[in-house]
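Raw contents of query-v7.tsv, TSV, C-alpha atoms and all ligand atoms:
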```tsv
chain	number	residue	atom	x	y	z
A	1	MET	CA	-29.64	92.71	16.67
A	2	GLY	CA	-30.33	89.04	16.72
A	3	PRO	CA	-31.51	86.95	13.81
A	4	LYS	CA	-34.77	87.92	12.17
A	5	MET	CA	-37.84	86.24	13.61
A	6	LYS	CA	-39.66	83.87	11.30
A	7	SER	CA	-43.28	82.86	11.52
A	8	ASN	CA	-42.30	79.20	11.69
A	9	GLY	CA	-39.36	79.34	14.09
A	10	GLY	CA	-37.73	81.10	17.04
A	11	LYS	CA	-34.48	83.02	17.38
A	12	ILE	CA	-32.77	80.15	19.18
A	13	ALA	CA	-31.95	76.91	17.41
A	14	TRP	CA	-32.69	74.63	20.35
A	15	GLY	CA	-31.63	71.59	18.37
A	16	ALA	CA	-28.13	73.07	18.04
A	17	VAL	CA	-27.87	74.64	21.50
A	18	CYS	CA	-29.23	71.73	23.53
A	19	LYS	CA	-27.82	68.40	22.42
A	20	PRO	CA	-29.69	65.46	24.00
A	21	LYS	CA	-26.92	64.60	26.39
A	22	GLU	CA	-26.40	68.15	27.60
A	23	LEU	CA	-30.08	68.87	28.13
A	24	LEU	CA	-30.90	65.58	29.82
A	25	ASP	CA	-27.88	65.62	32.11
A	26	LEU	CA	-27.62	69.34	32.76
A	27	LYS	CA	-27.44	70.12	36.48
A	28	ILE	CA	-30.21	72.42	37.68
A	29	PRO	CA	-28.60	75.87	38.18
A	30	HIS	CA	-29.24	77.58	41.53
A	31	SER	CA	-30.19	80.83	39.83
A	32	CYS	CA	-32.62	79.54	37.19
A	33	SER	CA	-36.28	80.57	37.04
A	34	TRP	CA	-39.07	78.59	38.68
A	35	SER	CA	-40.52	77.49	35.33
A	36	TRP	CA	-37.16	76.36	33.92
A	37	ARG	CA	-36.45	74.45	37.14
A	38	LYS	CA	-39.81	72.63	36.84
A	39	ILE	CA	-39.08	71.76	33.21
A	40	LEU	CA	-35.67	70.36	34.13
A	41	GLN	CA	-37.21	68.33	36.95
A	42	LEU	CA	-39.42	66.53	34.43
A	43	ARG	CA	-36.49	65.27	32.37
A	44	HIS	CA	-36.49	61.82	33.96
A	45	HIS	CA	-39.96	61.29	32.45
A	46	ALA	CA	-38.99	62.71	29.07
A	47	ARG	CA	-35.91	60.52	28.81
A	48	HIS	CA	-38.09	57.40	28.87
A	49	PHE	CA	-40.69	58.85	26.51
A	50	ILE	CA	-38.13	59.62	23.78
A	51	LYS	CA	-37.30	56.47	21.88
A	52	HIS	CA	-34.70	56.08	19.11
A	53	LEU	CA	-35.63	53.80	16.25
A	54	ILE	CA	-32.28	52.93	14.74
A	55	GLY	CA	-31.78	53.29	11.03
A	56	ASN	CA	-28.15	53.98	10.11
A	57	GLY	CA	-27.23	54.65	13.77
A	58	ILE	CA	-25.50	57.99	13.07
A	59	ASP	CA	-27.80	60.14	15.24
A	60	THR	CA	-28.17	57.68	18.11
A	61	SER	CA	-25.79	57.68	21.06
A	62	PHE	CA	-24.79	54.19	22.20
A	63	TRP	CA	-24.44	55.31	25.82
A	64	PHE	CA	-26.97	58.10	26.40
A	65	ASP	CA	-29.95	57.52	24.09
A	66	ASN	CA	-33.02	55.41	24.71
A	67	TRP	CA	-32.77	52.84	21.92
A	68	SER	CA	-32.93	49.56	23.86
A	69	ALA	CA	-36.04	47.99	25.36
A	70	ARG	CA	-34.65	48.58	28.86
A	71	GLY	CA	-33.78	52.26	28.57
A	72	PRO	CA	-30.51	54.20	28.12
A	73	LEU	CA	-27.37	52.27	29.03
A	74	CYS	CA	-26.06	55.23	31.06
A	75	LEU	CA	-28.92	54.64	33.52
A	76	ARG	CA	-28.23	50.90	33.85
A	77	PHE	CA	-24.45	50.64	33.96
A	78	SER	CA	-21.58	52.50	35.57
A	79	SER	CA	-19.48	54.57	33.19
A	80	THR	CA	-16.48	52.51	34.41
A	81	ILE	CA	-17.54	49.84	31.96
A	82	LEU	CA	-16.79	52.23	29.06
A	83	SER	CA	-13.24	52.82	30.33
A	84	LEU	CA	-12.62	49.10	30.78
A	85	LEU	CA	-13.87	48.32	27.28
A	86	GLY	CA	-12.17	51.33	25.68
A	87	ILE	CA	-15.44	52.80	24.36
A	88	ASP	CA	-15.88	56.57	24.16
A	89	GLU	CA	-19.10	57.84	25.78
A	90	ASN	CA	-19.91	59.80	22.62
A	91	THR	CA	-19.84	56.72	20.41
A	92	SER	CA	-22.84	56.46	18.11
A	93	MET	CA	-24.58	53.24	17.21
A	94	ALA	CA	-23.21	53.64	13.68
A	95	ASN	CA	-19.75	52.75	15.02
A	96	PHE	CA	-20.97	49.21	15.62
A	97	ILE	CA	-22.41	48.65	12.15
A	98	VAL	CA	-20.34	46.66	9.68
A	99	ASN	CA	-21.69	45.31	6.36
A	100	ASN	CA	-25.23	46.44	7.22
A	101	GLY	CA	-25.26	44.42	10.47
A	102	TRP	CA	-24.21	44.77	14.10
A	103	ASN	CA	-20.62	44.10	15.01
A	104	PHE	CA	-20.24	44.58	18.76
A	105	PRO	CA	-16.88	43.78	20.39
A	106	PRO	CA	-16.90	40.36	22.11
A	107	ALA	CA	-15.92	41.97	25.43
A	108	LEU	CA	-18.98	44.22	25.22
A	109	LEU	CA	-21.23	41.28	24.37
A	110	SER	CA	-19.93	39.39	27.39
A	111	VAL	CA	-21.12	42.23	29.63
A	112	ILE	CA	-24.37	42.99	27.74
A	113	PRO	CA	-25.36	39.75	25.96
A	114	LYS	CA	-28.79	41.21	25.06
A	115	LEU	CA	-27.03	43.21	22.32
A	116	ASN	CA	-27.08	39.99	20.30
A	117	SER	CA	-30.86	40.12	20.04
A	118	ILE	CA	-31.55	43.78	19.15
A	119	GLN	CA	-33.19	44.59	15.84
A	120	GLN	CA	-30.82	44.85	12.89
A	121	PRO	CA	-29.97	48.38	11.63
A	122	VAL	CA	-31.45	49.82	8.43
A	123	PRO	CA	-28.43	51.62	6.88
A	124	HIS	CA	-30.36	53.35	4.07
A	125	ARG	CA	-32.67	55.06	6.60
A	126	LYS	CA	-31.99	57.82	9.12
A	127	ASP	CA	-32.55	57.21	12.81
A	128	LYS	CA	-35.99	58.29	13.95
A	129	LEU	CA	-37.07	59.82	17.25
A	130	ILE	CA	-40.54	58.98	18.51
A	131	TRP	CA	-42.54	60.15	21.53
A	132	THR	CA	-43.69	56.83	22.95
A	133	VAL	CA	-46.80	58.00	24.82
A	134	SER	CA	-48.38	59.56	21.73
A	135	PRO	CA	-50.27	57.46	19.18
A	136	PHE	CA	-48.84	59.72	16.43
A	137	ASP	CA	-45.17	59.19	17.47
A	138	SER	CA	-44.70	62.97	17.80
A	139	PHE	CA	-44.97	65.01	21.02
A	140	SER	CA	-48.51	65.49	22.30
A	141	LEU	CA	-49.15	67.47	25.48
A	142	LYS	CA	-52.60	65.94	25.85
A	143	HIS	CA	-51.38	62.33	25.69
A	144	THR	CA	-48.36	63.05	27.87
A	145	ILE	CA	-50.47	64.57	30.67
A	146	SER	CA	-52.94	61.73	30.34
A	147	HIS	CA	-50.09	59.22	30.71
A	148	LEU	CA	-48.59	60.98	33.74
A	149	MET	CA	-51.86	61.44	35.58
A	150	ASP	CA	-52.99	58.76	37.95
A	151	HIS	CA	-56.40	57.72	36.63
A	152	GLY	CA	-58.62	56.43	39.38
A	153	PRO	CA	-61.79	54.48	38.68
A	154	LEU	CA	-64.49	56.45	36.83
A	155	VAL	CA	-66.92	58.02	39.30
A	156	PRO	CA	-70.61	57.09	38.79
A	157	TRP	CA	-71.61	60.73	38.16
A	158	TYR	CA	-68.91	61.41	35.55
A	159	ASN	CA	-71.29	61.64	32.59
A	160	LEU	CA	-73.74	63.73	34.57
A	161	VAL	CA	-71.16	66.52	34.94
A	162	TRP	CA	-68.65	66.18	32.12
A	163	HIS	CA	-70.88	65.27	29.17
A	164	THR	CA	-69.86	67.22	26.08
A	165	ALA	CA	-73.12	69.16	25.87
A	166	SER	CA	-72.69	70.70	29.31
A	167	ILE	CA	-72.50	74.48	29.65
A	168	PRO	CA	-68.94	75.45	30.73
A	169	ARG	CA	-69.85	77.96	33.48
A	170	MET	CA	-72.15	75.38	35.08
A	171	LYS	CA	-69.74	72.43	34.97
A	172	PHE	CA	-67.63	73.42	37.99
A	173	ASN	CA	-70.70	74.25	40.08
A	174	MET	CA	-72.26	70.89	39.22
A	175	TRP	CA	-68.99	69.08	39.91
A	176	LEU	CA	-69.01	70.47	43.45
A	177	ALA	CA	-72.74	69.87	43.90
A	178	VAL	CA	-72.73	66.17	42.95
A	179	GLN	CA	-70.04	65.63	45.57
A	180	SER	CA	-72.00	67.69	48.14
A	181	ARG	CA	-69.01	70.04	48.27
A	182	LEU	CA	-70.81	73.36	47.80
A	183	PRO	CA	-70.25	75.36	51.01
A	184	THR	CA	-73.83	75.17	52.27
A	185	LEU	CA	-74.71	76.76	55.61
A	186	ASP	CA	-74.90	73.42	57.43
A	187	SER	CA	-71.12	73.04	57.00
A	188	GLN	CA	-68.70	74.13	59.69
A	189	ALA	CA	-66.93	76.50	57.30
A	190	MET	CA	-70.05	78.69	56.99
A	191	VAL	CA	-71.00	78.77	60.66
A	192	HIS	CA	-70.55	82.58	60.87
A	193	HIS	CA	-73.47	83.06	58.42
A	194	GLY	CA	-75.93	81.05	60.55
A	195	ASN	CA	-77.44	77.85	59.13
A	196	THR	CA	-80.97	78.88	58.12
A	197	CYS	CA	-81.78	78.69	54.42
A	198	VAL	CA	-81.97	82.20	52.99
A	199	LEU	CA	-84.45	81.16	50.27
A	200	CYS	CA	-87.24	80.06	52.63
A	201	GLY	CA	-85.97	81.33	56.00
A	202	ILE	CA	-87.27	78.20	57.72
A	203	GLU	CA	-85.06	75.12	57.55
A	204	ILE	CA	-81.35	74.38	57.82
A	205	GLU	CA	-79.60	74.82	54.48
A	206	SER	CA	-78.11	71.62	53.04
A	207	HIS	CA	-77.77	70.23	49.52
A	208	SER	CA	-80.91	68.12	49.94
A	209	HIS	CA	-82.91	71.04	51.27
A	210	LEU	CA	-81.60	73.70	48.91
A	211	PHE	CA	-82.15	71.86	45.64
A	212	PHE	CA	-85.46	70.06	46.10
A	213	ARG	CA	-86.97	70.36	49.59
A	214	CYS	CA	-86.94	74.12	50.03
A	215	ASP	CA	-90.28	75.95	49.56
A	216	PHE	CA	-88.52	78.25	47.11
A	217	SER	CA	-86.82	75.65	44.91
A	218	ALA	CA	-89.28	72.73	45.19
A	219	PRO	CA	-91.75	74.19	42.61
A	220	LEU	CA	-88.86	74.85	40.21
A	221	TRP	CA	-87.64	71.31	40.71
A	222	GLU	CA	-91.13	69.90	40.08
A	223	PHE	CA	-91.45	72.00	36.92
A	224	ILE	CA	-88.17	70.60	35.57
A	225	GLN	CA	-89.17	67.06	36.50
A	226	ALA	CA	-92.47	67.38	34.65
A	227	ARG	CA	-90.84	68.85	31.52
A	228	CYS	CA	-88.02	66.32	31.50
A	229	ARG	CA	-90.25	63.36	32.31
A	230	PHE	CA	-88.69	61.92	35.43
A	231	TYR	CA	-89.70	61.69	39.05
A	232	ASN	CA	-87.44	62.01	42.07
A	233	TYR	CA	-88.16	59.29	44.62
A	234	PHE	CA	-85.53	60.43	47.10
A	235	LEU	CA	-85.27	62.83	50.00
A	236	ILE	CA	-81.47	62.77	50.17
A	237	TRP	CA	-79.45	64.66	47.54
A	238	GLU	CA	-76.63	62.08	47.38
A	239	ASP	CA	-79.12	59.22	46.85
A	240	MET	CA	-80.76	61.09	44.00
A	241	ILE	CA	-77.42	61.85	42.31
A	242	LEU	CA	-76.46	58.17	42.40
A	243	TRP	CA	-79.85	57.16	41.05
A	244	ILE	CA	-79.92	59.56	38.10
A	245	SER	CA	-76.22	58.88	37.37
A	246	SER	CA	-77.09	55.26	36.71
A	247	ARG	CA	-80.07	56.15	34.50
A	248	TRP	CA	-78.92	59.16	32.48
A	249	LYS	CA	-75.71	57.66	31.13
A	250	SER	CA	-76.51	57.87	27.44
A	251	ASN	CA	-76.57	61.05	25.37
A	252	SER	CA	-80.08	60.48	24.09
A	253	PRO	CA	-82.00	63.72	23.34
A	254	MET	CA	-84.02	63.32	26.52
A	255	ASN	CA	-80.98	62.66	28.70
A	256	ILE	CA	-79.16	65.70	27.30
A	257	LEU	CA	-82.19	67.81	28.12
A	258	ARG	CA	-82.34	66.32	31.62
A	259	LYS	CA	-78.65	66.83	32.38
A	260	ILE	CA	-78.55	70.40	31.10
A	261	SER	CA	-81.78	71.30	32.90
A	262	LEU	CA	-80.55	69.87	36.20
A	263	SER	CA	-77.19	71.69	35.92
A	264	ALA	CA	-78.96	74.95	35.07
A	265	LEU	CA	-81.40	74.63	37.97
A	266	VAL	CA	-78.61	73.86	40.46
A	267	TYR	CA	-76.49	76.71	39.09
A	268	HIS	CA	-79.22	79.38	39.22
A	269	THR	CA	-80.57	78.22	42.59
A	270	TRP	CA	-77.06	78.49	44.01
A	271	GLU	CA	-76.60	81.86	42.32
A	272	GLU	CA	-79.84	83.14	43.88
A	273	ARG	CA	-78.78	81.88	47.28
A	274	ASN	CA	-75.40	83.68	46.93
A	275	ASN	CA	-77.06	86.88	45.77
A	276	ARG	CA	-79.18	86.92	48.92
A	277	ILE	CA	-76.34	86.13	51.33
A	278	PHE	CA	-73.54	88.22	49.88
A	279	ARG	CA	-75.29	90.98	47.92
A	280	GLY	CA	-78.63	91.34	49.71
A	281	ASN	CA	-80.29	91.18	46.29
A	282	PRO	CA	-83.22	88.70	46.31
A	283	SER	CA	-85.07	87.66	43.15
A	284	THR	CA	-88.23	85.64	42.50
A	285	GLN	CA	-88.95	82.02	41.64
A	286	ASN	CA	-90.13	83.01	38.17
A	287	ARG	CA	-86.92	84.91	37.53
A	288	VAL	CA	-84.77	81.92	38.57
A	289	LEU	CA	-86.85	79.60	36.38
A	290	THR	CA	-86.56	82.00	33.45
A	291	LYS	CA	-82.78	82.00	33.79
A	292	THR	CA	-82.76	78.20	34.09
A	293	SER	CA	-84.45	77.90	30.69
A	294	SER	CA	-82.63	80.91	29.22
A	295	PRO	CA	-81.83	81.14	25.50
A	296	SER	CA	-78.28	79.88	26.14
A	297	THR	CA	-79.61	76.78	27.88
A	298	ARG	CA	-82.14	76.11	25.13
A	299	LEU	CA	-79.58	76.73	22.41
A	300	ARG	CA	-77.15	74.37	24.11
A	301	CYS	CA	-79.86	71.69	24.26
A	302	GLY	CA	-80.79	72.10	20.62
A	303	GLY	CA	-77.23	72.62	19.36
A	304	SER	CA	-75.83	69.61	21.14
A	305	LEU	CA	-78.60	67.40	19.86
A	306	LEU	CA	-77.89	68.38	16.27
A	307	HIS	CA	-74.10	68.42	16.61
A	308	HIS	CA	-73.62	65.20	18.51
A	309	ARG	CA	-75.86	63.03	16.51
A	310	LYS	CA	-74.76	64.41	13.12
A	311	LEU	CA	-78.37	64.28	12.12
A	312	ARG	CA	-79.60	63.89	8.58
A	313	LEU	CA	-83.06	65.15	7.66
A	314	PRO	CA	-85.04	62.02	8.65
A	315	GLU	CA	-83.18	61.87	11.96
A	316	LEU	CA	-83.68	65.59	12.55
A	317	VAL	CA	-87.44	65.13	12.13
A	318	SER	CA	-87.32	62.25	14.55
A	319	VAL	CA	-85.42	64.30	17.18
A	320	LEU	CA	-87.85	67.19	16.83
A	321	GLN	CA	-90.69	64.75	17.35
A	322	VAL	CA	-89.01	63.46	20.50
A	323	ALA	CA	-88.47	67.04	21.68
A	324	LEU	CA	-92.09	67.94	21.00
A	325	VAL	CA	-93.45	64.85	22.68
A	326	GLU	CA	-91.14	65.08	25.65
A	327	GLY	CA	-91.69	68.75	26.30
A	328	TRP	CA	-88.37	70.28	25.30
A	329	VAL	CA	-89.90	72.69	22.82
A	330	ALA	CA	-92.64	73.44	25.33
A	331	LEU	CA	-89.96	74.32	27.87
A	332	GLY	CA	-88.38	76.69	25.38
A	333	LEU	CA	-91.56	78.31	24.12
A	334	TYR	CA	-92.91	78.74	27.60
A	335	PHE	CA	-90.42	81.45	28.31
A	336	LEU	CA	-90.08	83.11	24.92
A	401	ZN	ZN	-85.13	76.78	52.10
```

Let me see the file written as structure tokens.
Amino acid sequence: MGPKMKSNGGKIAWGAVCKPKELLDLKIPHSCSWSWRKILQLRHHARHFIKHLIGNGIDTSFWFDNWSARGPLCLRFSSTILSLLGIDENTSMANFIVNNGWNFPPALLSVIPKLNSIQQPVPHRKDKLIWTVSPFDSFSLKHTISHLMDHGPLVPWYNLVWHTASIPRMKFNMWLAVQSRLPTLDSQAMVHHGNTCVLCGIEIESHSHLFFRCDFSAPLWEFIQARCRFYNYFLIWEDMILWISSRWKSNSPMNILRKISLSALVYHTWEERNNRIFRGNPSTQNRVLTKTSSPSTRLRCGGSLLHHRKLRLPELVSVLQVALVEGWVALGLYFL
């Protein structure tokens, strides 16, 4: 039997088994698993993210660790230099500390003169490892992924889809819709289903038609517009998305209501369209509208208003007044 499992640790002491040098320079075995291979392939990133802040120098390798501003010496110089200077590759930084200060051999300084300008050691303190891409100095998966990802410019419709009050199951649908990427019947990929809208049976199905020009969805769209106090001036879906993206940026009570209502309408219209095509199970306009303003949608509207704004009593009264005036409560009560 192996060692007893503890709630705060595993059976394997990784710190003892995998010394920094061995783990970072380990060759990828031919027989290792896919996941272990992927982890090992990311080591070149990790090596630069791990920084040694030198205290007494005992736990910091002169040759392998990332303690200088320009990265580990082993990545910048040939190991021949160690042989020529008579320095062992396992030498720690502590070996160069004399009388609380640096004491590098003159031959080494002639090759790496920058050693003269590094920060002085702090002998009464242990060396410290920090994860450089985290604001807390310790490893953070969230900040590491954020650092590694290539962030392009923010798209205009970002806040329309990814606002924090959005309903999770509708986010992905809305993300596709704002980019006109839902597989509508006017696209080549859906040619085997024909291209006539299954909601009205008259016109060609496209994003513009499906969500506000179709005889089936137009009354639902007008109802939402009236309740959320806005008017759509456009005939083209993409033009409307750009227009509302520039106007619904804030998380004001009315904008939250508008964004959630639009996502819900798009989601349930698309759901109805799919039910008709793939399940042969048509529903009615009233049923789609009821689902659009379902309890979960209303709760999300109300909950996000209260949560986001951290409302105190006077503010709560003010939000309720806004909701009453702007029709949010009416939208909810209408379908109770
Ligand atoms: Zn139609």

**Report entry** Pick from A:Asn255, A:Ser33, A:Ser217, A:Gln119, whichever lies nearest to ligand ZN 401 (chain A) using all atoms listed in the file
**Finding:**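 Checking each candidate against ligand ZN 401 (chain A), we get A:Ser217 as the closest.
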
Dump as JSON lines the rows for residues of chain A within 8 Å of ligand ZN 401 (chain A): closest atom pair and distance in Å with one decimal, only C-alpha atoms and all ligand atoms counted, ordered by chain and rising residue number.
```
{"residue": "A:Thr196", "atom": "CA", "partner": "A:ZN401", "partner_atom": "ZN", "distance": 7.6}
{"residue": "A:Cys197", "atom": "CA", "partner": "A:ZN401", "partner_atom": "ZN", "distance": 4.5}
{"residue": "A:Val198", "atom": "CA", "partner": "A:ZN401", "partner_atom": "ZN", "distance": 6.3}
{"residue": "A:Leu199", "atom": "CA", "partner": "A:ZN401", "partner_atom": "ZN", "distance": 4.8}
{"residue": "A:Cys200", "atom": "CA", "partner": "A:ZN401", "partner_atom": "ZN", "distance": 3.9}
{"residue": "A:Gly201", "atom": "CA", "partner": "A:ZN401", "partner_atom": "ZN", "distance": 6.1}
{"residue": "A:Ile202", "atom": "CA", "partner": "A:ZN401", "partner_atom": "ZN", "distance": 6.2}
{"residue": "A:Glu203", "atom": "CA", "partner": "A:ZN401", "partner_atom": "ZN", "distance": 5.7}
{"residue": "A:Ile204", "atom": "CA", "partner": "A:ZN401", "partner_atom": "ZN", "distance": 7.3}
{"residue": "A:Glu205", "atom": "CA", "partner": "A:ZN401", "partner_atom": "ZN", "distance": 6.3}
{"residue": "A:His209", "atom": "CA", "partner": "A:ZN401", "partner_atom": "ZN", "distance": 6.2}
{"residue": "A:Leu210", "atom": "CA", "partner": "A:ZN401", "partner_atom": "ZN", "distance": 5.7}
{"residue": "A:Arg213", "atom": "CA", "partner": "A:ZN401", "partner_atom": "ZN", "distance": 7.1}
{"residue": "A:Cys214", "atom": "CA", "partner": "A:ZN401", "partner_atom": "ZN", "distance": 3.8}
{"residue": "A:Asp215", "atom": "CA", "partner": "A:ZN401", "partner_atom": "ZN", "distance": 5.8}
{"residue": "A:Phe216", "atom": "CA", "partner": "A:ZN401", "partner_atom": "ZN", "distance": 6.2}
{"residue": "A:Ser217", "atom": "CA", "partner": "A:ZN401", "partner_atom": "ZN", "distance": 7.5}
```

Query - From A:Asn195, A:Ser68, A:Asn56, A:Ser138, residue lying nearest Gly101 in chain A [all atoms listed in the file] - result: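 Checking each candidate against Gly101 in chain A, we get A:Asn56 as the closest.
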
Requested in this report: Work out how far apart CA of Thr132 in chain A and CA of Thr144 in chain A are and give it in Å to one decimal.
Outcome: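 Between CA of Thr132 in chain A and CA of Thr144 in chain A the gap works out to 9.2 Å.
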
Requested in this report: In Å, rounded to a single decimal, give me how far CA of Leu289 in chain A is from CA of Ser261 in chain A.
Outcome: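 We find that CA of Ser261 in chain A and CA of Leu289 in chain A lie 10.3 Å from each other.
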
Requested in this report: Work out how far CA of Arg169 in chain A is from CA of Ser252 in chain A, in Å to one decimal.
Outcome: 22.3 Å

Residue rebuild result range 205-223 of chain A, N, CA and C atoms as a compact mmCIF listing (two decimals), in the frame of the given file:
```txt
# COMPACT_ATOMS: atom_id res chain seq x y z
N GLU A 205 -80.02 74.95 55.87
CA GLU A 205 -79.60 74.82 54.48
C GLU A 205 -78.63 73.64 54.31
N SER A 206 -78.98 72.73 53.42
CA SER A 206 -78.11 71.62 53.04
C SER A 206 -78.33 71.40 51.56
N HIS A 207 -77.56 70.51 50.95
CA HIS A 207 -77.77 70.23 49.52
C HIS A 207 -79.17 69.68 49.28
N SER A 208 -79.59 68.73 50.13
CA SER A 208 -80.91 68.12 49.94
C SER A 208 -82.01 69.16 50.08
N HIS A 209 -81.88 70.02 51.06
CA HIS A 209 -82.91 71.04 51.27
C HIS A 209 -82.90 72.07 50.14
N LEU A 210 -81.71 72.58 49.83
CA LEU A 210 -81.60 73.70 48.91
C LEU A 210 -82.13 73.37 47.52
N PHE A 211 -81.85 72.14 47.04
CA PHE A 211 -82.15 71.86 45.64
C PHE A 211 -83.47 71.17 45.40
N PHE A 212 -84.12 70.57 46.39
CA PHE A 212 -85.46 70.06 46.10
C PHE A 212 -86.41 69.96 47.29
N ARG A 213 -86.02 70.40 48.48
CA ARG A 213 -86.97 70.36 49.59
C ARG A 213 -87.35 71.74 50.08
N CYS A 214 -86.67 72.75 49.61
CA CYS A 214 -86.94 74.12 50.03
C CYS A 214 -88.24 74.62 49.38
N ASP A 215 -89.03 75.41 50.11
CA ASP A 215 -90.28 75.95 49.56
C ASP A 215 -90.03 76.80 48.32
N PHE A 216 -88.85 77.40 48.25
CA PHE A 216 -88.52 78.25 47.11
C PHE A 216 -88.18 77.41 45.88
N SER A 217 -87.31 76.39 46.07
CA SER A 217 -86.82 75.65 44.91
C SER A 217 -87.67 74.44 44.54
N ALA A 218 -88.49 73.94 45.48
CA ALA A 218 -89.28 72.73 45.19
C ALA A 218 -90.19 72.91 43.96
N PRO A 219 -90.91 74.04 43.82
CA PRO A 219 -91.75 74.19 42.61
C PRO A 219 -90.92 74.23 41.32
N LEU A 220 -89.72 74.82 41.39
CA LEU A 220 -88.86 74.85 40.21
C LEU A 220 -88.42 73.43 39.85
N TRP A 221 -88.07 72.69 40.87
CA TRP A 221 -87.64 71.31 40.71
C TRP A 221 -88.76 70.46 40.11
N GLU A 222 -89.99 70.67 40.60
CA GLU A 222 -91.13 69.90 40.08
C GLU A 222 -91.42 70.27 38.63
N PHE A 223 -91.23 71.56 38.30
CA PHE A 223 -91.45 72.00 36.92
C PHE A 223 -90.46 71.29 35.98
```
